[in-house]
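Text of model00.txt (compact mmCIF, C-alpha atoms) as supplied:
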```txt
# COMPACT_ATOMS: atom_id res chain seq x y z
CA MET A 206 115.27 92.77 93.10
CA ILE A 207 111.96 91.66 91.66
CA SER A 208 110.45 94.45 89.57
CA THR A 209 107.02 92.86 89.00
CA ILE A 210 105.02 90.24 90.86
CA THR A 211 102.06 89.10 88.76
CA VAL A 212 98.91 87.60 90.20
CA ARG A 213 96.20 85.88 88.15
CA PRO A 214 93.09 83.98 89.23
CA ALA A 215 93.39 80.19 89.24
CA PRO A 216 91.50 78.47 86.38
CA ARG A 217 88.86 76.72 88.51
CA ASP A 218 88.41 79.10 91.44
CA PRO A 219 88.51 82.91 91.09
CA ARG A 220 89.16 83.22 94.84
CA ARG A 221 92.46 81.39 94.46
CA GLY A 222 95.37 82.79 92.54
CA ILE A 223 98.69 82.08 90.89
CA LEU A 224 101.50 84.43 91.88
CA VAL A 225 104.58 84.62 89.65
CA ALA A 226 107.80 86.28 90.80
CA ASP A 227 111.25 86.03 89.26
CA GLY A 228 110.20 83.01 87.18
CA ARG A 229 108.79 81.08 90.16
CA THR A 230 105.13 80.23 90.61
CA PHE A 231 103.27 80.13 93.94
CA ALA A 232 99.68 79.60 95.06
CA CYS A 233 97.86 82.48 96.72
CA ALA A 234 94.45 83.42 98.08
CA LEU A 235 92.42 86.26 96.59
CA GLY A 236 89.30 88.14 97.66
CA ARG A 237 86.06 86.29 98.37
CA SER A 238 84.53 88.10 95.36
CA GLY A 239 87.43 87.30 93.03
CA MET A 240 89.14 90.10 91.14
CA ARG A 241 87.48 93.29 89.88
CA PRO A 242 88.67 96.37 88.00
CA ILE A 243 86.43 98.60 90.13
CA LYS A 244 86.92 98.12 93.87
CA ARG A 245 84.57 99.34 96.61
CA GLU A 246 84.96 99.21 100.37
CA GLY A 247 83.65 95.93 101.76
CA ASP A 248 83.03 94.23 98.39
CA GLY A 249 85.55 91.45 99.10
CA ALA A 250 87.25 91.88 95.73
CA THR A 251 90.95 91.96 94.95
CA PRO A 252 91.52 95.00 92.74
CA ILE A 253 92.83 94.50 89.21
CA ALA A 254 95.67 97.02 89.19
CA SER A 255 99.40 97.69 89.32
CA MET A 256 100.17 98.33 92.99
CA PRO A 257 103.66 99.34 94.15
CA VAL A 258 104.80 97.82 97.45
CA LEU A 259 105.06 100.75 99.89
CA GLY A 260 106.52 99.02 102.96
CA GLY A 261 105.07 96.82 105.61
CA TYR A 262 104.76 95.38 109.07
CA PHE A 263 105.91 92.33 111.00
CA ARG A 264 105.19 90.76 114.40
CA ALA A 265 108.33 91.38 116.46
CA ASP A 266 106.83 89.34 119.31
CA ARG A 267 106.77 86.29 117.01
CA MET A 268 109.89 86.75 114.87
CA THR A 269 112.97 88.82 114.28
CA ARG A 270 112.77 91.47 111.58
CA PRO A 271 112.67 89.60 108.27
CA ALA A 272 115.39 90.28 105.70
CA CYS A 273 113.76 92.80 103.37
CA PRO A 274 115.08 95.92 101.65
CA MET A 275 111.70 97.62 102.19
CA PRO A 276 110.92 99.48 105.41
CA LEU A 277 109.15 97.15 107.85
CA GLN A 278 107.69 98.35 111.16
CA ALA A 279 107.10 96.15 114.18
CA ILE A 280 103.38 95.74 114.89
CA GLY A 281 102.32 96.75 118.37
CA PRO A 282 99.06 96.36 120.29
CA ARG A 283 98.01 99.94 119.47
CA ASP A 284 98.40 99.57 115.68
CA GLY A 285 95.28 99.65 113.54
CA TRP A 286 94.20 100.48 109.98
CA CYS A 287 91.15 102.68 109.34
CA ASP A 288 88.56 101.22 106.96
CA ALA A 289 85.82 103.81 107.56
CA PRO A 290 85.29 105.77 104.31
CA SER A 291 83.77 108.76 106.14
CA ASP A 292 86.79 109.18 108.45
CA ALA A 293 89.66 111.52 107.58
CA ASN A 294 92.07 108.65 108.35
CA TYR A 295 90.47 106.31 105.80
CA ASN A 296 92.95 103.75 104.43
CA ARG A 297 95.67 104.89 106.79
CA PRO A 298 97.41 103.40 109.81
CA VAL A 299 95.85 104.59 113.07
CA THR A 300 96.57 104.32 116.78
CA LEU A 301 94.19 102.25 118.88
CA PRO A 302 91.84 102.74 120.55
CA PHE A 303 90.20 104.33 117.51
CA ALA A 304 86.51 105.23 117.35
CA ALA A 305 85.86 104.68 113.63
CA SER A 306 85.79 101.27 111.95
CA HIS A 307 89.26 99.75 111.70
CA GLU A 308 91.32 96.58 111.51
CA THR A 309 93.58 95.59 114.38
CA MET A 310 97.05 94.89 112.99
CA MET A 311 98.14 92.72 115.94
CA ARG A 312 95.86 89.80 115.15
CA ALA A 313 95.48 86.60 117.15
CA ASP A 314 95.92 84.58 113.96
CA ARG A 315 99.12 84.77 111.92
CA LEU A 316 97.80 86.59 108.85
CA TYR A 317 99.70 89.79 109.58
CA ASP A 318 102.87 88.21 110.95
CA VAL A 319 104.27 89.80 107.80
CA CYS A 320 102.06 92.26 105.97
CA LEU A 321 103.14 94.36 103.00
CA VAL A 322 101.13 97.49 102.18
CA LEU A 323 100.18 97.75 98.51
CA ASP A 324 99.46 101.13 96.94
CA TRP A 325 95.78 100.59 96.34
CA ASN A 326 93.84 103.77 97.08
CA PHE A 327 96.67 104.94 99.33
CA ARG A 328 98.64 107.73 97.66
CA ALA A 329 95.59 108.98 95.75
CA ARG A 330 92.69 108.12 98.06
CA MET A 331 89.08 107.94 97.02
CA ARG A 332 86.60 107.52 99.85
CA GLY A 333 84.96 104.11 99.62
CA GLY A 334 87.48 102.94 97.01
CA GLY A 335 88.78 100.10 99.17
CA SER A 336 91.23 99.97 102.04
CA ALA A 337 93.88 97.76 103.60
CA ILE A 338 94.91 95.92 100.44
CA PHE A 339 97.92 93.96 101.64
CA LEU A 340 100.16 91.09 100.60
CA HIS A 341 100.04 88.96 103.74
CA ILE A 342 100.13 85.40 105.10
CA ALA A 343 97.34 83.04 103.97
CA ARG A 344 95.23 80.85 106.18
CA PRO A 345 95.87 77.12 105.73
CA GLY A 346 94.08 75.83 102.63
CA PHE A 347 93.94 79.31 101.04
CA PRO A 348 90.40 80.38 101.95
CA PRO A 349 89.48 83.74 100.39
CA THR A 350 90.59 87.08 101.80
CA GLU A 351 88.64 90.33 102.12
CA GLY A 352 90.44 91.62 99.00
CA CYS A 353 94.12 91.09 99.76
CA VAL A 354 96.62 88.71 98.17
CA ALA A 355 97.75 86.08 100.68
CA VAL A 356 100.61 83.56 100.42
CA GLU A 357 102.06 80.73 102.48
CA PRO A 358 104.68 81.72 105.09
CA GLN A 359 107.49 80.04 103.12
CA THR A 360 106.49 81.99 99.99
CA MET A 361 106.60 85.23 101.98
CA ARG A 362 110.06 84.28 103.32
CA TRP A 363 111.24 83.73 99.73
CA LEU A 364 109.71 87.00 98.48
CA LEU A 365 110.83 89.39 101.23
CA PRO A 366 114.57 89.64 100.46
CA ARG A 367 113.72 90.11 96.77
CA ILE A 368 111.17 92.94 97.13
CA GLY A 369 112.53 96.44 96.72
CA ARG A 370 111.35 100.02 96.36
CA LYS A 371 110.51 99.47 92.69
CA THR A 372 108.55 96.22 93.12
CA VAL A 373 104.98 96.33 91.80
CA VAL A 374 102.27 93.73 92.40
CA LYS A 375 100.30 93.52 89.16
CA THR A 376 96.95 91.74 89.42
CA LEU A 377 95.51 90.55 86.12
CA ALA A 378 92.09 89.17 85.25
```
Mind converting the file's structure to structure tokens?
Amino acid sequence: MISTITVRPAPRDPRRGILVADGRTFACALGRSGMRPIKREGDGATPIASMPVLGGYFRADRMTRPACPMPLQAIGPRDGWCDAPSDANYNRPVTLPFAASHETMMRADRLYDVCLVLDWNFRARMRGGGSAIFLHIARPGFPPTEGCVAVEPQTMRWLLPRIGRKTVVKTLA
């Protein structure tokens, strides 16, 4: 199992990153605002932190459950993630329909075909401290994310069987 996945900004573009796992290097997308040590809801930054992988989600309507030692739940049409700092469910999975601001997990694009939840502002929540920081699938060409780390599908396929309960994603400036 991989104990640490490190992510650094690329030399020429702070919205692109270099992910290193088990001695292998991969390209990744980072937040539209680059990386920051202090994260706020909606700022578009990828937090600089050590974030354990808590588990994740996959699209069972598009694939079989990927090989991964971590718990992965099938995403359904009623799955969402609350990003409203004033709501009691902030930075938590929610059931749709949901009145407060939220992300829909079953997206039309393929970004959340596999989506790993990182422990950013999850176990110890601070309202407005940033929500839904995931390791997920990147758009072609690696355009920036809203603060997540995103990789190509083949990179995710390589990572999944190697990620365990003690894996930490460490983002470095």
Figure out the distance between CA of Phe303 in chain A and CA of Gly249 in chain A, please, to one decimal in Å. 22.9 Å
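When CA of His307 in chain A is paired with CA of Asp324 in chain A, their separation reads 18.0 Å.
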Nearby residues (all atoms listed in the file) at most 7 Å from Gly335 in chain A, same-chain spacing under 6 positions excluded, as a PDB file with C-alpha atoms, in the frame of the given file:
```
ATOM      1  CA  LYS A 244      86.920  98.120  93.870  1.00  0.00           C
ATOM      2  CA  ARG A 245      84.570  99.340  96.610  1.00  0.00           C
ATOM      3  CA  GLU A 246      84.960  99.210 100.370  1.00  0.00           C
ATOM      4  CA  ASN A 326      93.840 103.770  97.080  1.00  0.00           C
TER       5      ASN A 326
END
```
Exercise: Asp314 in chain A partners within 12 Å, all atoms listed in the file, chain neighbours under 4 positions left out, as a list in words: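 So, after excluding close chain neighbours, the residues are Arg264, Arg267, Thr309, Met310, Asp318, Val319, His341, Ile342, Ala343, Arg344 and Pro345 of chain A.
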Could you take the residues named above and write them with C-alpha atoms, as an mmCIF file, in the coordinates of the input?
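The result, written out as part.cif:
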```cif
data_model
loop_
_atom_site.group_PDB
_atom_site.id
_atom_site.type_symbol
_atom_site.label_atom_id
_atom_site.label_comp_id
_atom_site.auth_asym_id
_atom_site.auth_seq_id
_atom_site.Cartn_x
_atom_site.Cartn_y
_atom_site.Cartn_z
ATOM 1 C CA ARG A 264 105.190 90.760 114.400
ATOM 2 C CA ARG A 267 106.770 86.290 117.010
ATOM 3 C CA THR A 309 93.580 95.590 114.380
ATOM 4 C CA MET A 310 97.050 94.890 112.990
ATOM 5 C CA ASP A 318 102.870 88.210 110.950
ATOM 6 C CA VAL A 319 104.270 89.800 107.800
ATOM 7 C CA HIS A 341 100.040 88.960 103.740
ATOM 8 C CA ILE A 342 100.130 85.400 105.100
ATOM 9 C CA ALA A 343 97.340 83.040 103.970
ATOM 10 C CA ARG A 344 95.230 80.850 106.180
ATOM 11 C CA PRO A 345 95.870 77.120 105.730
#
```
Which residues come within 7 Å of Leu321 in chain A, counting only C-alpha atoms, excluding same-chain residues fewer than 2 positions away, as a PyMOL selection string? chain A and resi 258+260-262+319+323+339-341
Mind dumping a table of every range 317-354 of chain A residue within 10 Å of range 285-300 of chain A, with the nearest atom pair and its distance in Å to one decimal, using all atoms listed in the file, sorted by chain and rising number, as a tab-separated table?
```
residue	atom	partner	partner_atom	distance
A:Trp325	CA	A:Asn296	CA	9.1
A:Asn326	CA	A:Asn296	CA	7.4
A:Phe327	CA	A:Asn296	CA	6.4
A:Arg328	CA	A:Asn296	CA	9.7
A:Arg330	CA	A:Asn296	CA	7.7
A:Met331	CA	A:Pro290	CA	8.5
A:Arg332	CA	A:Pro290	CA	5.0
A:Gly333	CA	A:Pro290	CA	5.0
A:Gly334	CA	A:Pro290	CA	8.1
A:Gly335	CA	A:Asn296	CA	7.6
A:Ser336	CA	A:Asn296	CA	4.8
A:Ala337	CA	A:Asn296	CA	6.1
A:Ile338	CA	A:Asn296	CA	9.0
```
What does the distance between CA of Ala250 in chain A and CA of Arg213 in chain A come to in Å, to one decimal place?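 Those two atoms sit 13.2 Å apart.
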Leaving out Leu301 in chain A and any residue of its chain fewer than 3 positions from it, which residues lie within 8 Å of it when counting all atoms listed in the file, given as a ChimeraX atom specification? /A:282-285
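Closest to Cys273 in chain A among A:Pro219, A:Gly247, A:Met206, A:Glu357 is A:Met206, based on all atoms listed in the file.
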Of the residues A:Ala265, A:Ile253, A:Pro242, A:Gly346, which is the one nearest to Gln278 in chain A, using all atoms listed in the file?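 Of all the options, A:Ala265 lies closest to Gln278 in chain A.
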Residues within 8 Å of (98.2, 89.7, 91.7), file coordinates, counting only C-alpha atoms: what are they? Give the list as an mmCIF file with C-alpha atoms, in the coordinates of the input.
```
data_model
loop_
_atom_site.group_PDB
_atom_site.id
_atom_site.type_symbol
_atom_site.label_atom_id
_atom_site.label_comp_id
_atom_site.auth_asym_id
_atom_site.auth_seq_id
_atom_site.Cartn_x
_atom_site.Cartn_y
_atom_site.Cartn_z
ATOM 1 C CA ILE A 210 105.020 90.240 90.860
ATOM 2 C CA THR A 211 102.060 89.100 88.760
ATOM 3 C CA VAL A 212 98.910 87.600 90.200
ATOM 4 C CA ARG A 213 96.200 85.880 88.150
ATOM 5 C CA GLY A 222 95.370 82.790 92.540
ATOM 6 C CA ILE A 223 98.690 82.080 90.890
ATOM 7 C CA LEU A 224 101.500 84.430 91.880
ATOM 8 C CA ILE A 253 92.830 94.500 89.210
ATOM 9 C CA VAL A 354 96.620 88.710 98.170
ATOM 10 C CA VAL A 374 102.270 93.730 92.400
ATOM 11 C CA LYS A 375 100.300 93.520 89.160
ATOM 12 C CA THR A 376 96.950 91.740 89.420
ATOM 13 C CA LEU A 377 95.510 90.550 86.120
#
```
Once you add 4 Å to each side, what are the centre and edge lengths of the axis-aligned box holding all listed atoms of range 288-305 of chain A? One decimal in Å, as AutoDock Vina command-line options, if you can.
```
--center_x 90.6 --center_y 106.4 --center_z 112.4 --size_x 21.6 --size_y 18.3 --size_z 24.2
```
Using all atoms listed in the file, pick whichever of A:Ala234, A:Met256, A:Met240, A:Ala272 has the shortest atom-to-atom distance to Pro349 in chain A.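 Between A:Ala234, A:Met256, A:Met240, A:Ala272, the residue approaching Pro349 in chain A most closely is A:Ala234.
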Kindly indicate which residue among A:Leu364, A:Ala304, A:Leu316, A:Cys353 lies nearest to Pro274 in chain A, using all atoms listed in the file for the distances.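 The shortest atom-to-atom distance to Pro274 in chain A comes from A:Leu364.
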Counting all atoms listed in the file, which of A:Arg270, A:Arg229, A:Arg220, A:Arg312 gets nearest to Thr251 in chain A?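 Of the candidates, the smallest distance to Thr251 in chain A is held by A:Arg220.
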Generate the coordinates of N, CA and C atoms for range 288-322 of chain A; report them as a PDB file, keeping the file's coordinate frame.
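The result, stored in result_29.pdb:
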```
ATOM      1  N   ASP A 288      89.296 101.640 108.141  1.00  0.00           N
ATOM      2  CA  ASP A 288      88.560 101.220 106.960  1.00  0.00           C
ATOM      3  C   ASP A 288      87.181 101.900 106.886  1.00  0.00           C
ATOM      4  N   ALA A 289      87.064 103.046 107.551  1.00  0.00           N
ATOM      5  CA  ALA A 289      85.820 103.810 107.560  1.00  0.00           C
ATOM      6  C   ALA A 289      85.892 104.921 106.509  1.00  0.00           C
ATOM      7  N   PRO A 290      85.180 104.782 105.381  1.00  0.00           N
ATOM      8  CA  PRO A 290      85.290 105.770 104.310  1.00  0.00           C
ATOM      9  C   PRO A 290      84.985 107.207 104.728  1.00  0.00           C
ATOM     10  N   SER A 291      84.136 107.401 105.730  1.00  0.00           N
ATOM     11  CA  SER A 291      83.770 108.760 106.140  1.00  0.00           C
ATOM     12  C   SER A 291      84.808 109.404 107.062  1.00  0.00           C
ATOM     13  N   ASP A 292      85.780 108.635 107.528  1.00  0.00           N
ATOM     14  CA  ASP A 292      86.790 109.180 108.450  1.00  0.00           C
ATOM     15  C   ASP A 292      87.954 109.792 107.681  1.00  0.00           C
ATOM     16  N   ALA A 293      88.515 110.851 108.209  1.00  0.00           N
ATOM     17  CA  ALA A 293      89.660 111.520 107.580  1.00  0.00           C
ATOM     18  C   ALA A 293      90.882 110.610 107.499  1.00  0.00           C
ATOM     19  N   ASN A 294      90.937 109.582 108.344  1.00  0.00           N
ATOM     20  CA  ASN A 294      92.070 108.650 108.350  1.00  0.00           C
ATOM     21  C   ASN A 294      91.834 107.415 107.482  1.00  0.00           C
ATOM     22  N   TYR A 295      90.819 107.460 106.637  1.00  0.00           N
ATOM     23  CA  TYR A 295      90.470 106.310 105.800  1.00  0.00           C
ATOM     24  C   TYR A 295      91.693 105.788 105.038  1.00  0.00           C
ATOM     25  N   ASN A 296      91.859 104.468 105.083  1.00  0.00           N
ATOM     26  CA  ASN A 296      92.950 103.750 104.430  1.00  0.00           C
ATOM     27  C   ASN A 296      94.322 104.249 104.884  1.00  0.00           C
ATOM     28  N   ARG A 297      94.419 104.462 106.182  1.00  0.00           N
ATOM     29  CA  ARG A 297      95.670 104.890 106.790  1.00  0.00           C
ATOM     30  C   ARG A 297      95.886 104.112 108.087  1.00  0.00           C
ATOM     31  N   PRO A 298      97.165 103.982 108.488  1.00  0.00           N
ATOM     32  CA  PRO A 298      97.410 103.400 109.810  1.00  0.00           C
ATOM     33  C   PRO A 298      96.897 104.360 110.881  1.00  0.00           C
ATOM     34  N   VAL A 299      96.364 103.793 111.958  1.00  0.00           N
ATOM     35  CA  VAL A 299      95.850 104.590 113.070  1.00  0.00           C
ATOM     36  C   VAL A 299      96.326 103.977 114.387  1.00  0.00           C
ATOM     37  N   THR A 300      96.213 104.771 115.444  1.00  0.00           N
ATOM     38  CA  THR A 300      96.570 104.320 116.780  1.00  0.00           C
ATOM     39  C   THR A 300      95.300 103.922 117.523  1.00  0.00           C
ATOM     40  N   LEU A 301      95.328 102.748 118.115  1.00  0.00           N
ATOM     41  CA  LEU A 301      94.190 102.250 118.880  1.00  0.00           C
ATOM     42  C   LEU A 301      94.291 102.700 120.335  1.00  0.00           C
ATOM     43  N   PRO A 302      93.201 102.910 121.032  1.00  0.00           N
ATOM     44  CA  PRO A 302      91.840 102.740 120.550  1.00  0.00           C
ATOM     45  C   PRO A 302      91.489 103.818 119.520  1.00  0.00           C
ATOM     46  N   PHE A 303      90.606 103.451 118.603  1.00  0.00           N
ATOM     47  CA  PHE A 303      90.200 104.330 117.510  1.00  0.00           C
ATOM     48  C   PHE A 303      88.697 104.172 117.339  1.00  0.00           C
ATOM     49  N   ALA A 304      87.979 105.281 117.329  1.00  0.00           N
ATOM     50  CA  ALA A 304      86.510 105.230 117.350  1.00  0.00           C
ATOM     51  C   ALA A 304      85.892 104.710 116.057  1.00  0.00           C
ATOM     52  N   ALA A 305      86.440 105.095 114.914  1.00  0.00           N
ATOM     53  CA  ALA A 305      85.860 104.680 113.630  1.00  0.00           C
ATOM     54  C   ALA A 305      86.213 103.224 113.326  1.00  0.00           C
ATOM     55  N   SER A 306      85.538 102.655 112.352  1.00  0.00           N
ATOM     56  CA  SER A 306      85.790 101.270 111.950  1.00  0.00           C
ATOM     57  C   SER A 306      87.257 101.103 111.528  1.00  0.00           C
ATOM     58  N   HIS A 307      87.836  99.978 111.958  1.00  0.00           N
ATOM     59  CA  HIS A 307      89.260  99.750 111.700  1.00  0.00           C
ATOM     60  C   HIS A 307      89.590  98.269 111.812  1.00  0.00           C
ATOM     61  N   GLU A 308      90.755  97.912 111.300  1.00  0.00           N
ATOM     62  CA  GLU A 308      91.320  96.580 111.510  1.00  0.00           C
ATOM     63  C   GLU A 308      92.363  96.707 112.609  1.00  0.00           C
ATOM     64  N   THR A 309      92.499  95.671 113.408  1.00  0.00           N
ATOM     65  CA  THR A 309      93.580  95.590 114.380  1.00  0.00           C
ATOM     66  C   THR A 309      94.728  94.866 113.705  1.00  0.00           C
ATOM     67  N   MET A 310      95.906  95.486 113.684  1.00  0.00           N
ATOM     68  CA  MET A 310      97.050  94.890 112.990  1.00  0.00           C
ATOM     69  C   MET A 310      97.653  93.726 113.785  1.00  0.00           C
ATOM     70  N   MET A 311      97.604  93.799 115.111  1.00  0.00           N
ATOM     71  CA  MET A 311      98.140  92.720 115.940  1.00  0.00           C
ATOM     72  C   MET A 311      97.042  91.688 116.146  1.00  0.00           C
ATOM     73  N   ARG A 312      96.928  90.791 115.172  1.00  0.00           N
ATOM     74  CA  ARG A 312      95.860  89.800 115.150  1.00  0.00           C
ATOM     75  C   ARG A 312      96.239  88.563 115.956  1.00  0.00           C
ATOM     76  N   ALA A 313      95.229  87.852 116.435  1.00  0.00           N
ATOM     77  CA  ALA A 313      95.480  86.600 117.150  1.00  0.00           C
ATOM     78  C   ALA A 313      95.955  85.519 116.190  1.00  0.00           C
ATOM     79  N   ASP A 314      95.439  85.553 114.945  1.00  0.00           N
ATOM     80  CA  ASP A 314      95.920  84.580 113.960  1.00  0.00           C
ATOM     81  C   ASP A 314      97.261  85.078 113.403  1.00  0.00           C
ATOM     82  N   ARG A 315      97.797  84.429 112.432  1.00  0.00           N
ATOM     83  CA  ARG A 315      99.120  84.770 111.920  1.00  0.00           C
ATOM     84  C   ARG A 315      99.094  85.514 110.579  1.00  0.00           C
ATOM     85  N   LEU A 316      97.924  85.972 110.170  1.00  0.00           N
ATOM     86  CA  LEU A 316      97.800  86.590 108.850  1.00  0.00           C
ATOM     87  C   LEU A 316      98.702  87.804 108.659  1.00  0.00           C
ATOM     88  N   TYR A 317      98.865  88.589 109.693  1.00  0.00           N
ATOM     89  CA  TYR A 317      99.700  89.790 109.580  1.00  0.00           C
ATOM     90  C   TYR A 317     101.055  89.621 110.268  1.00  0.00           C
ATOM     91  N   ASP A 318     101.508  88.388 110.424  1.00  0.00           N
ATOM     92  CA  ASP A 318     102.870  88.210 110.950  1.00  0.00           C
ATOM     93  C   ASP A 318     103.862  88.937 110.059  1.00  0.00           C
ATOM     94  N   VAL A 319     103.605  88.925 108.760  1.00  0.00           N
ATOM     95  CA  VAL A 319     104.270  89.800 107.800  1.00  0.00           C
ATOM     96  C   VAL A 319     103.171  90.316 106.896  1.00  0.00           C
ATOM     97  N   CYS A 320     103.139  91.621 106.708  1.00  0.00           N
ATOM     98  CA  CYS A 320     102.060  92.260 105.970  1.00  0.00           C
ATOM     99  C   CYS A 320     102.651  93.414 105.169  1.00  0.00           C
ATOM    100  N   LEU A 321     102.609  93.308 103.854  1.00  0.00           N
ATOM    101  CA  LEU A 321     103.140  94.360 103.000  1.00  0.00           C
ATOM    102  C   LEU A 321     101.987  95.233 102.482  1.00  0.00           C
ATOM    103  N   VAL A 322     102.145  96.534 102.602  1.00  0.00           N
ATOM    104  CA  VAL A 322     101.130  97.490 102.180  1.00  0.00           C
ATOM    105  C   VAL A 322     101.280  97.735 100.680  1.00  0.00           C
TER     106      VAL A 322
END
```
